[in-house]
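Source file: my_file23.pdb. Holds: PDB, C-alpha atoms.
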```pdb
MODEL        1
ATOM      1  CA  MET I 391      -3.893 -13.515   2.766  1.00  0.00           C
ATOM      2  CA  LYS I 392      -0.867 -13.471   5.051  1.00  0.00           C
ATOM      3  CA  GLN I 393      -2.440 -16.360   6.978  1.00  0.00           C
ATOM      4  CA  GLY I 394      -2.293 -18.538   3.853  1.00  0.00           C
ATOM      5  CA  HIS I 395      -5.800 -18.357   2.423  1.00  0.00           C
ATOM      6  CA  CYS I 396      -7.581 -16.010   0.045  1.00  0.00           C
ATOM      7  CA  PRO I 397     -10.376 -13.942   1.640  1.00  0.00           C
ATOM      8  CA  LYS I 398     -12.239 -13.821  -1.684  1.00  0.00           C
ATOM      9  CA  CYS I 399     -12.334 -17.457  -2.834  1.00  0.00           C
ATOM     10  CA  GLY I 400     -10.900 -19.372   0.152  1.00  0.00           C
ATOM     11  CA  SER I 401      -8.053 -20.919  -1.838  1.00  0.00           C
ATOM     12  CA  ARG I 402      -4.854 -21.939  -0.065  1.00  0.00           C
ATOM     13  CA  GLU I 403      -2.871 -21.213  -3.244  1.00  0.00           C
ATOM     14  CA  VAL I 404      -1.493 -17.927  -1.906  1.00  0.00           C
ATOM     15  CA  PHE I 405       1.927 -16.637  -2.869  1.00  0.00           C
ATOM     16  CA  ARG I 406       4.043 -13.841  -1.384  1.00  0.00           C
ATOM     17  CA  CYS I 407       5.879 -11.710  -3.930  1.00  0.00           C
ATOM     18  CA  ALA I 408       8.550  -9.864  -1.969  1.00  0.00           C
ATOM     19  CA  ALA I 409       9.207  -6.172  -2.446  1.00  0.00           C
ATOM     20  CA  VAL I 410      11.590  -5.393  -5.274  1.00  0.00           C
ATOM     21  CA  VAL I 411      11.354  -1.571  -5.204  1.00  0.00           C
ATOM     22  CA  ARG I 412      11.344  -1.086  -8.952  1.00  0.00           C
ATOM     23  CA  GLY I 413       7.805  -0.311 -10.048  1.00  0.00           C
ATOM     24  CA  ALA I 414       5.120   1.972  -8.655  1.00  0.00           C
ATOM     25  CA  TYR I 415       3.361  -0.931  -6.908  1.00  0.00           C
ATOM     26  CA  ASP I 416       6.507  -1.910  -5.029  1.00  0.00           C
ATOM     27  CA  LYS I 417       6.936   1.252  -2.988  1.00  0.00           C
ATOM     28  CA  ILE I 418       5.147   3.893  -0.934  1.00  0.00           C
ATOM     29  CA  PRO I 419       6.782   7.328  -0.641  1.00  0.00           C
ATOM     30  CA  THR I 420       8.033   8.156   2.853  1.00  0.00           C
ATOM     31  CA  GLY I 421       9.971  11.280   1.900  1.00  0.00           C
ATOM     32  CA  PRO I 422      11.404  13.100  -1.119  1.00  0.00           C
ATOM     33  CA  LEU I 423      13.991  10.371  -1.798  1.00  0.00           C
ATOM     34  CA  THR I 424      12.829   7.458   0.365  1.00  0.00           C
ATOM     35  CA  GLN I 425      10.163   4.809   0.092  1.00  0.00           C
ATOM     36  CA  ALA I 426       8.698   1.923   2.058  1.00  0.00           C
ATOM     37  CA  ARG I 427       8.884  -1.640   0.806  1.00  0.00           C
ATOM     38  CA  VAL I 428       5.623  -3.337  -0.172  1.00  0.00           C
ATOM     39  CA  ASP I 429       5.042  -7.077  -0.471  1.00  0.00           C
ATOM     40  CA  ARG I 430       2.308  -8.419  -2.717  1.00  0.00           C
ATOM     41  CA  TRP I 431       0.229 -11.455  -1.792  1.00  0.00           C
ATOM     42  CA  VAL I 432      -1.447 -13.104  -4.778  1.00  0.00           C
ATOM     43  CA  CYS I 433      -4.125 -15.793  -4.960  1.00  0.00           C
ATOM     44  CA  GLY I 434      -3.177 -18.433  -7.517  1.00  0.00           C
ATOM     45  CA  ARG I 435      -6.820 -19.378  -8.082  1.00  0.00           C
ATOM     46  CA  CYS I 436      -8.805 -16.131  -8.459  1.00  0.00           C
ATOM     47  CA  GLY I 437      -6.017 -13.550  -8.891  1.00  0.00           C
ATOM     48  CA  TYR I 438      -6.959 -11.419  -5.905  1.00  0.00           C
ATOM     49  CA  VAL I 439      -3.985  -9.307  -4.728  1.00  0.00           C
ATOM     50  CA  GLU I 440      -3.223  -7.590  -1.422  1.00  0.00           C
ATOM     51  CA  LEU I 441      -0.391  -5.134  -0.814  1.00  0.00           C
ATOM     52  CA  TRP I 442       1.281  -5.060   2.614  1.00  0.00           C
ATOM     53  CA  ALA I 443       3.808  -2.461   3.744  1.00  0.00           C
ATOM     54  CA  ASP I 444       6.879  -3.768   5.545  1.00  0.00           C
ATOM     55  CA  PRO I 445       6.223  -3.401   9.306  1.00  0.00           C
ATOM     56  CA  GLU I 446       9.668  -1.813   9.720  1.00  0.00           C
ATOM     57  CA  ASP I 447       8.516   1.073   7.485  1.00  0.00           C
ATOM     58  CA  LEU I 448       5.181   1.829   9.192  1.00  0.00           C
ATOM     59  CA  GLU I 449       6.535   4.602  11.418  1.00  0.00           C
ATOM     60  CA  ASN I 450       8.063   6.390   8.417  1.00  0.00           C
ATOM     61  CA  ILE I 451       4.818   5.999   6.440  1.00  0.00           C
ATOM     62  CA  GLN I 452       2.796   7.468   9.313  1.00  0.00           C
ATOM     63  CA  ARG I 453       5.173  10.383   9.786  1.00  0.00           C
ATOM     64  CA  TYR I 454       5.336  11.282   6.102  1.00  0.00           C
ATOM     65  CA  TRP I 455       1.670  10.886   5.193  1.00  0.00           C
ATOM     66  CA  ALA I 456       0.413  12.659   8.327  1.00  0.00           C
ATOM     67  CA  SER I 457       2.279  15.741   7.087  1.00  0.00           C
ATOM     68  CA  GLN I 458       0.759  15.629   3.578  1.00  0.00           C
ATOM     69  CA  PRO I 459      -2.377  17.589   2.609  1.00  0.00           C
ATOM     70  CA  ASP I 460      -5.551  15.515   2.284  1.00  0.00           C
ATOM     71  CA  PRO I 461      -6.402  15.245  -1.454  1.00  0.00           C
ATOM     72  CA  ALA I 462     -10.129  15.125  -0.645  1.00  0.00           C
ATOM     73  CA  GLU I 463      -9.860  18.418   1.213  1.00  0.00           C
ATOM     74  CA  GLN I 464      -7.886  19.949  -1.659  1.00  0.00           C
ATOM     75  CA  ARG I 465     -10.596  18.936  -4.161  1.00  0.00           C
ATOM     76  CA  LYS I 466     -13.281  20.207  -1.831  1.00  0.00           C
ATOM     77  CA  GLY I 467     -11.424  23.497  -1.332  1.00  0.00           C
ATOM     78  CA  GLY I 468     -11.006  23.890  -5.085  1.00  0.00           C
ATOM     79  CA  ALA I 469     -14.704  23.304  -5.745  1.00  0.00           C
ATOM     80  CA  ASP I 470     -15.775  25.675  -2.940  1.00  0.00           C
ATOM     81  CA  SER I 471     -13.429  28.410  -4.093  1.00  0.00           C
ATOM     82  CA  ALA I 472     -14.870  28.185  -7.608  1.00  0.00           C
ATOM     83  CA  LEU I 473     -18.327  28.961  -6.171  1.00  0.00           C
ATOM     84  CA  GLU I 474     -17.191  32.089  -4.359  1.00  0.00           C
TER      85      GLU I 474
ENDMDL
END
```
As structure tokens:
Amino acid sequence: MKQGHCPKCGSREVFRCAAVVRGAYDKIPTGPLTQARVDRWVCGRCGYVELWADPEDLENIQRYWASQPDPAEQRKGGADSALE
């Protein structure tokens, strides 16, 4: 999408909606009180949407999310512990 065409329908009617940091789709947590900016790219023909984190925030995203427990492992652990 960032190259100007939709990967789903091939349209060149692609629009970037810059991060506003107001709603849940506009941010990714990077700490208790911080968040990364997210831009949305929207196809004007089919409505396909991609979310892209601001490259300046990638290091903070990696640091924060690498320290978080894996939800899949938590669910797995909960199911296994119920069987014991």
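Interatomic distance, CA of Trp455 (chain I) to CA of Lys417 (chain I): 13.7 Å.
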* Spatial neighbours of region 433-445 of chain I, max dist 7 Å, only C-alpha atoms, sep filter under 2 positions, as a list in words -> Cys396, Cys399, Ser401, Glu403, Val404, Phe405, Ala426, Arg427, Val428, Asp429, Arg430, Trp431, Asp447 and Leu448 of chain I
Could those selected residues go to a file with C-alpha atoms, as a PDB file, keeping the file's coordinate frame?
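Below is the file selection29.pdb, written as the result:
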```pdb
ATOM      1  CA  CYS I 396      -7.581 -16.010   0.045  1.00  0.00           C
ATOM      2  CA  CYS I 399     -12.334 -17.457  -2.834  1.00  0.00           C
ATOM      3  CA  SER I 401      -8.053 -20.919  -1.838  1.00  0.00           C
ATOM      4  CA  GLU I 403      -2.871 -21.213  -3.244  1.00  0.00           C
ATOM      5  CA  VAL I 404      -1.493 -17.927  -1.906  1.00  0.00           C
ATOM      6  CA  PHE I 405       1.927 -16.637  -2.869  1.00  0.00           C
ATOM      7  CA  ALA I 426       8.698   1.923   2.058  1.00  0.00           C
ATOM      8  CA  ARG I 427       8.884  -1.640   0.806  1.00  0.00           C
ATOM      9  CA  VAL I 428       5.623  -3.337  -0.172  1.00  0.00           C
ATOM     10  CA  ASP I 429       5.042  -7.077  -0.471  1.00  0.00           C
ATOM     11  CA  ARG I 430       2.308  -8.419  -2.717  1.00  0.00           C
ATOM     12  CA  TRP I 431       0.229 -11.455  -1.792  1.00  0.00           C
ATOM     13  CA  ASP I 447       8.516   1.073   7.485  1.00  0.00           C
ATOM     14  CA  LEU I 448       5.181   1.829   9.192  1.00  0.00           C
TER      15      LEU I 448
END
```
* For the atom pair CA of Thr424 (chain I) and CA of Pro459 (chain I), what is the interatomic distance in Å to one decimal place? -> 18.4 Å
* In file coordinates, which residues lie within 10 Å of (8.8, 18.4, 6.4) using all atoms listed in the file, given as a PyMOL selection string? -> chain I and resi 421-422+453-454+457-458
* May I ask which of the residues I:Ala462, I:Gln393, I:Val432, I:Ile418 is the closest one to Arg406 (chain I), counting all atoms listed in the file? =>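 The answer is I:Val432, which sits nearest to Arg406 (chain I).
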* Counting all atoms listed in the file, the option among I:Glu463, I:Ala408, I:Asn450, I:Ala456 closest to Thr420 (chain I) ->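 When distances to Thr420 (chain I) are compared using all atoms listed in the file, the smallest one comes from I:Asn450.
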My structure is short of atoms at region 440-453 of chain I; please model N, CA and C atoms there, returning them as a PDB file, in the coordinates of the input.
```
ATOM      1  N   GLU I 440      -3.308  -8.530  -2.535  1.00  0.00           N
ATOM      2  CA  GLU I 440      -3.223  -7.590  -1.422  1.00  0.00           C
ATOM      3  C   GLU I 440      -1.803  -7.044  -1.372  1.00  0.00           C
ATOM      4  N   LEU I 441      -1.692  -5.773  -1.002  1.00  0.00           N
ATOM      5  CA  LEU I 441      -0.391  -5.134  -0.814  1.00  0.00           C
ATOM      6  C   LEU I 441      -0.206  -4.885   0.680  1.00  0.00           C
ATOM      7  N   TRP I 442       0.980  -5.251   1.200  1.00  0.00           N
ATOM      8  CA  TRP I 442       1.281  -5.060   2.614  1.00  0.00           C
ATOM      9  C   TRP I 442       2.608  -4.327   2.753  1.00  0.00           C
ATOM     10  N   ALA I 443       2.579  -3.209   3.470  1.00  0.00           N
ATOM     11  CA  ALA I 443       3.808  -2.461   3.744  1.00  0.00           C
ATOM     12  C   ALA I 443       4.646  -3.232   4.756  1.00  0.00           C
ATOM     13  N   ASP I 444       5.955  -3.137   4.605  1.00  0.00           N
ATOM     14  CA  ASP I 444       6.879  -3.768   5.545  1.00  0.00           C
ATOM     15  C   ASP I 444       6.668  -3.142   6.920  1.00  0.00           C
ATOM     16  N   PRO I 445       6.443  -3.952   7.963  1.00  0.00           N
ATOM     17  CA  PRO I 445       6.223  -3.401   9.306  1.00  0.00           C
ATOM     18  C   PRO I 445       7.334  -2.461   9.779  1.00  0.00           C
ATOM     19  N   GLU I 446       8.558  -2.686   9.323  1.00  0.00           N
ATOM     20  CA  GLU I 446       9.668  -1.813   9.720  1.00  0.00           C
ATOM     21  C   GLU I 446       9.519  -0.402   9.154  1.00  0.00           C
ATOM     22  N   ASP I 447       8.692  -0.233   8.125  1.00  0.00           N
ATOM     23  CA  ASP I 447       8.516   1.073   7.485  1.00  0.00           C
ATOM     24  C   ASP I 447       7.274   1.827   7.955  1.00  0.00           C
ATOM     25  N   LEU I 448       6.455   1.215   8.805  1.00  0.00           N
ATOM     26  CA  LEU I 448       5.181   1.829   9.192  1.00  0.00           C
ATOM     27  C   LEU I 448       5.346   3.186   9.872  1.00  0.00           C
ATOM     28  N   GLU I 449       6.321   3.317  10.737  1.00  0.00           N
ATOM     29  CA  GLU I 449       6.535   4.602  11.418  1.00  0.00           C
ATOM     30  C   GLU I 449       6.866   5.703  10.413  1.00  0.00           C
ATOM     31  N   ASN I 450       7.712   5.398   9.439  1.00  0.00           N
ATOM     32  CA  ASN I 450       8.063   6.390   8.417  1.00  0.00           C
ATOM     33  C   ASN I 450       6.859   6.736   7.539  1.00  0.00           C
ATOM     34  N   ILE I 451       6.034   5.743   7.227  1.00  0.00           N
ATOM     35  CA  ILE I 451       4.818   5.999   6.440  1.00  0.00           C
ATOM     36  C   ILE I 451       3.901   6.936   7.209  1.00  0.00           C
ATOM     37  N   GLN I 452       3.684   6.629   8.488  1.00  0.00           N
ATOM     38  CA  GLN I 452       2.796   7.468   9.313  1.00  0.00           C
ATOM     39  C   GLN I 452       3.309   8.896   9.399  1.00  0.00           C
ATOM     40  N   ARG I 453       4.586   9.051   9.640  1.00  0.00           N
ATOM     41  CA  ARG I 453       5.173  10.383   9.786  1.00  0.00           C
ATOM     42  C   ARG I 453       5.019  11.194   8.497  1.00  0.00           C
TER      43      ARG I 453
END
```
